[in-house]
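**Student:** Encoded as structure tokens, here's the structure I'll be asking about.
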Amino acid sequence: MSKIGKNLKKLREQKGISQDRLSKQADISLNTIAKLELEESPNPTIETLQKIAKALEVKVDDLIK
């Protein structure tokens, strides 16, 4: 699992948010969230990362470090 996928899953689970709920809050597809967590989409756009970070109330750095 990529660092982004691993961090995304960890942060999402810590906040008790489902993939479906996160996708709706971030206004991106559920498929995108799932692919990121499974490392099938290892290079998300900065826009996607910003939307996810905002929905999780974290910094983009928290997803990529």
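By order in the structure tokens, chains are A, B, ...; within a chain, residues start at 1; ligands start at 1, following the order shown.
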Skip region 23-38 of chain A itself and residues of its chain fewer than 5 positions away, then list as a PyMOL selection string all residues within 10 Å of it, counting only C-alpha atoms.

**Tutor:** chain A and resi 1-10+17-18+43-44+48-56

**Student:** Those selected residues, please, written with N, CA and C atoms and delivered as a PDB file, in the first residue's frame.

**Tutor:**
ATOM      1  N   MET A   1       0.848  -1.179   0.000  1.00  0.00           N
ATOM      2  CA  MET A   1       0.000   0.000   0.000  1.00  0.00           C
ATOM      3  C   MET A   1       0.895   1.245   0.000  1.00  0.00           C
ATOM      4  N   SER A   2       0.562   2.211  -0.820  1.00  0.00           N
ATOM      5  CA  SER A   2       1.333   3.442  -0.866  1.00  0.00           C
ATOM      6  C   SER A   2       1.154   4.216   0.433  1.00  0.00           C
ATOM      7  N   LYS A   3       2.057   5.150   0.669  1.00  0.00           N
ATOM      8  CA  LYS A   3       1.921   5.967   1.872  1.00  0.00           C
ATOM      9  C   LYS A   3       0.595   6.711   1.846  1.00  0.00           C
ATOM     10  N   ILE A   4       0.222   7.216   0.688  1.00  0.00           N
ATOM     11  CA  ILE A   4      -1.038   7.963   0.593  1.00  0.00           C
ATOM     12  C   ILE A   4      -2.203   7.043   0.935  1.00  0.00           C
ATOM     13  N   GLY A   5      -2.231   5.877   0.328  1.00  0.00           N
ATOM     14  CA  GLY A   5      -3.316   4.933   0.590  1.00  0.00           C
ATOM     15  C   GLY A   5      -3.361   4.490   2.041  1.00  0.00           C
ATOM     16  N   LYS A   6      -2.191   4.203   2.584  1.00  0.00           N
ATOM     17  CA  LYS A   6      -2.099   3.763   3.979  1.00  0.00           C
ATOM     18  C   LYS A   6      -2.548   4.877   4.925  1.00  0.00           C
ATOM     19  N   ASN A   7      -2.057   6.097   4.682  1.00  0.00           N
ATOM     20  CA  ASN A   7      -2.425   7.235   5.532  1.00  0.00           C
ATOM     21  C   ASN A   7      -3.905   7.578   5.391  1.00  0.00           C
ATOM     22  N   LEU A   8      -4.406   7.526   4.180  1.00  0.00           N
ATOM     23  CA  LEU A   8      -5.823   7.820   3.944  1.00  0.00           C
ATOM     24  C   LEU A   8      -6.702   6.856   4.733  1.00  0.00           C
ATOM     25  N   LYS A   9      -6.409   5.582   4.617  1.00  0.00           N
ATOM     26  CA  LYS A   9      -7.214   4.581   5.321  1.00  0.00           C
ATOM     27  C   LYS A   9      -7.126   4.772   6.831  1.00  0.00           C
ATOM     28  N   LYS A  10      -5.907   4.997   7.339  1.00  0.00           N
ATOM     29  CA  LYS A  10      -5.709   5.174   8.775  1.00  0.00           C
ATOM     30  C   LYS A  10      -6.485   6.394   9.285  1.00  0.00           C
ATOM     31  N   ILE A  17     -15.110   7.254   9.593  1.00  0.00           N
ATOM     32  CA  ILE A  17     -15.818   7.624   8.369  1.00  0.00           C
ATOM     33  C   ILE A  17     -15.692   6.492   7.353  1.00  0.00           C
ATOM     34  N   SER A  18     -16.797   6.123   6.737  1.00  0.00           N
ATOM     35  CA  SER A  18     -16.766   5.090   5.690  1.00  0.00           C
ATOM     36  C   SER A  18     -16.210   5.685   4.400  1.00  0.00           C
ATOM     37  N   ASN A  43      -1.076   7.886  -7.935  1.00  0.00           N
ATOM     38  CA  ASN A  43      -0.711   9.277  -8.186  1.00  0.00           C
ATOM     39  C   ASN A  43      -1.936  10.180  -8.321  1.00  0.00           C
ATOM     40  N   PRO A  44      -2.619  10.436  -7.207  1.00  0.00           N
ATOM     41  CA  PRO A  44      -3.794  11.303  -7.281  1.00  0.00           C
ATOM     42  C   PRO A  44      -3.390  12.750  -7.572  1.00  0.00           C
ATOM     43  N   THR A  48      -7.497  16.372  -5.833  1.00  0.00           N
ATOM     44  CA  THR A  48      -8.119  15.244  -5.133  1.00  0.00           C
ATOM     45  C   THR A  48      -7.607  15.174  -3.697  1.00  0.00           C
ATOM     46  N   LEU A  49      -6.306  15.321  -3.522  1.00  0.00           N
ATOM     47  CA  LEU A  49      -5.733  15.276  -2.177  1.00  0.00           C
ATOM     48  C   LEU A  49      -6.269  16.414  -1.310  1.00  0.00           C
ATOM     49  N   GLN A  50      -6.425  17.592  -1.900  1.00  0.00           N
ATOM     50  CA  GLN A  50      -6.953  18.735  -1.147  1.00  0.00           C
ATOM     51  C   GLN A  50      -8.393  18.491  -0.710  1.00  0.00           C
ATOM     52  N   LYS A  51      -9.197  17.921  -1.584  1.00  0.00           N
ATOM     53  CA  LYS A  51     -10.596  17.622  -1.246  1.00  0.00           C
ATOM     54  C   LYS A  51     -10.681  16.590  -0.121  1.00  0.00           C
ATOM     55  N   ILE A  52      -9.848  15.555  -0.202  1.00  0.00           N
ATOM     56  CA  ILE A  52      -9.844  14.519   0.829  1.00  0.00           C
ATOM     57  C   ILE A  52      -9.372  15.097   2.158  1.00  0.00           C
ATOM     58  N   ALA A  53      -8.286  15.867   2.116  1.00  0.00           N
ATOM     59  CA  ALA A  53      -7.754  16.463   3.341  1.00  0.00           C
ATOM     60  C   ALA A  53      -8.789  17.369   3.998  1.00  0.00           C
ATOM     61  N   LYS A  54      -9.472  18.164   3.203  1.00  0.00           N
ATOM     62  CA  LYS A  54     -10.497  19.065   3.751  1.00  0.00           C
ATOM     63  C   LYS A  54     -11.617  18.254   4.402  1.00  0.00           C
ATOM     64  N   ALA A  55     -12.057  17.206   3.735  1.00  0.00           N
ATOM     65  CA  ALA A  55     -13.144  16.377   4.268  1.00  0.00           C
ATOM     66  C   ALA A  55     -12.736  15.682   5.572  1.00  0.00           C
ATOM     67  N   LEU A  56     -11.460  15.310   5.671  1.00  0.00           N
ATOM     68  CA  LEU A  56     -10.963  14.639   6.876  1.00  0.00           C
ATOM     69  C   LEU A  56     -10.480  15.636   7.940  1.00  0.00           C
TER      70      LEU A  56
END

**Student:** Do you have the CA of Ile46 (chain A)-CA of Arg21 (chain A) distance handy?

**Tutor:**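 So the two atoms, CA of Ile46 (chain A) and CA of Arg21 (chain A), lie 20.4 Å apart.
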
**Student:** Please run DSSP on the backbone and report, as a ChimeraX atom specification, all residues within chain A that come out as helix (DSSP H, G or I).

**Tutor:** /A:3-14,19-26,30-37,46-56,60-64

**Student:** Quick check, in Å to one decimal: how far apart do CA of Lys65 (chain A) and CA of Asp20 (chain A) lie?

**Tutor:** 23.9 Å

**Student:** Can you work out the spacing between CA of Val60 (chain A) and CA of Leu22 (chain A) in Å, to one decimal?

**Tutor:**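 Atom-to-atom, CA of Val60 (chain A) and CA of Leu22 (chain A) are spaced 15.1 Å apart.
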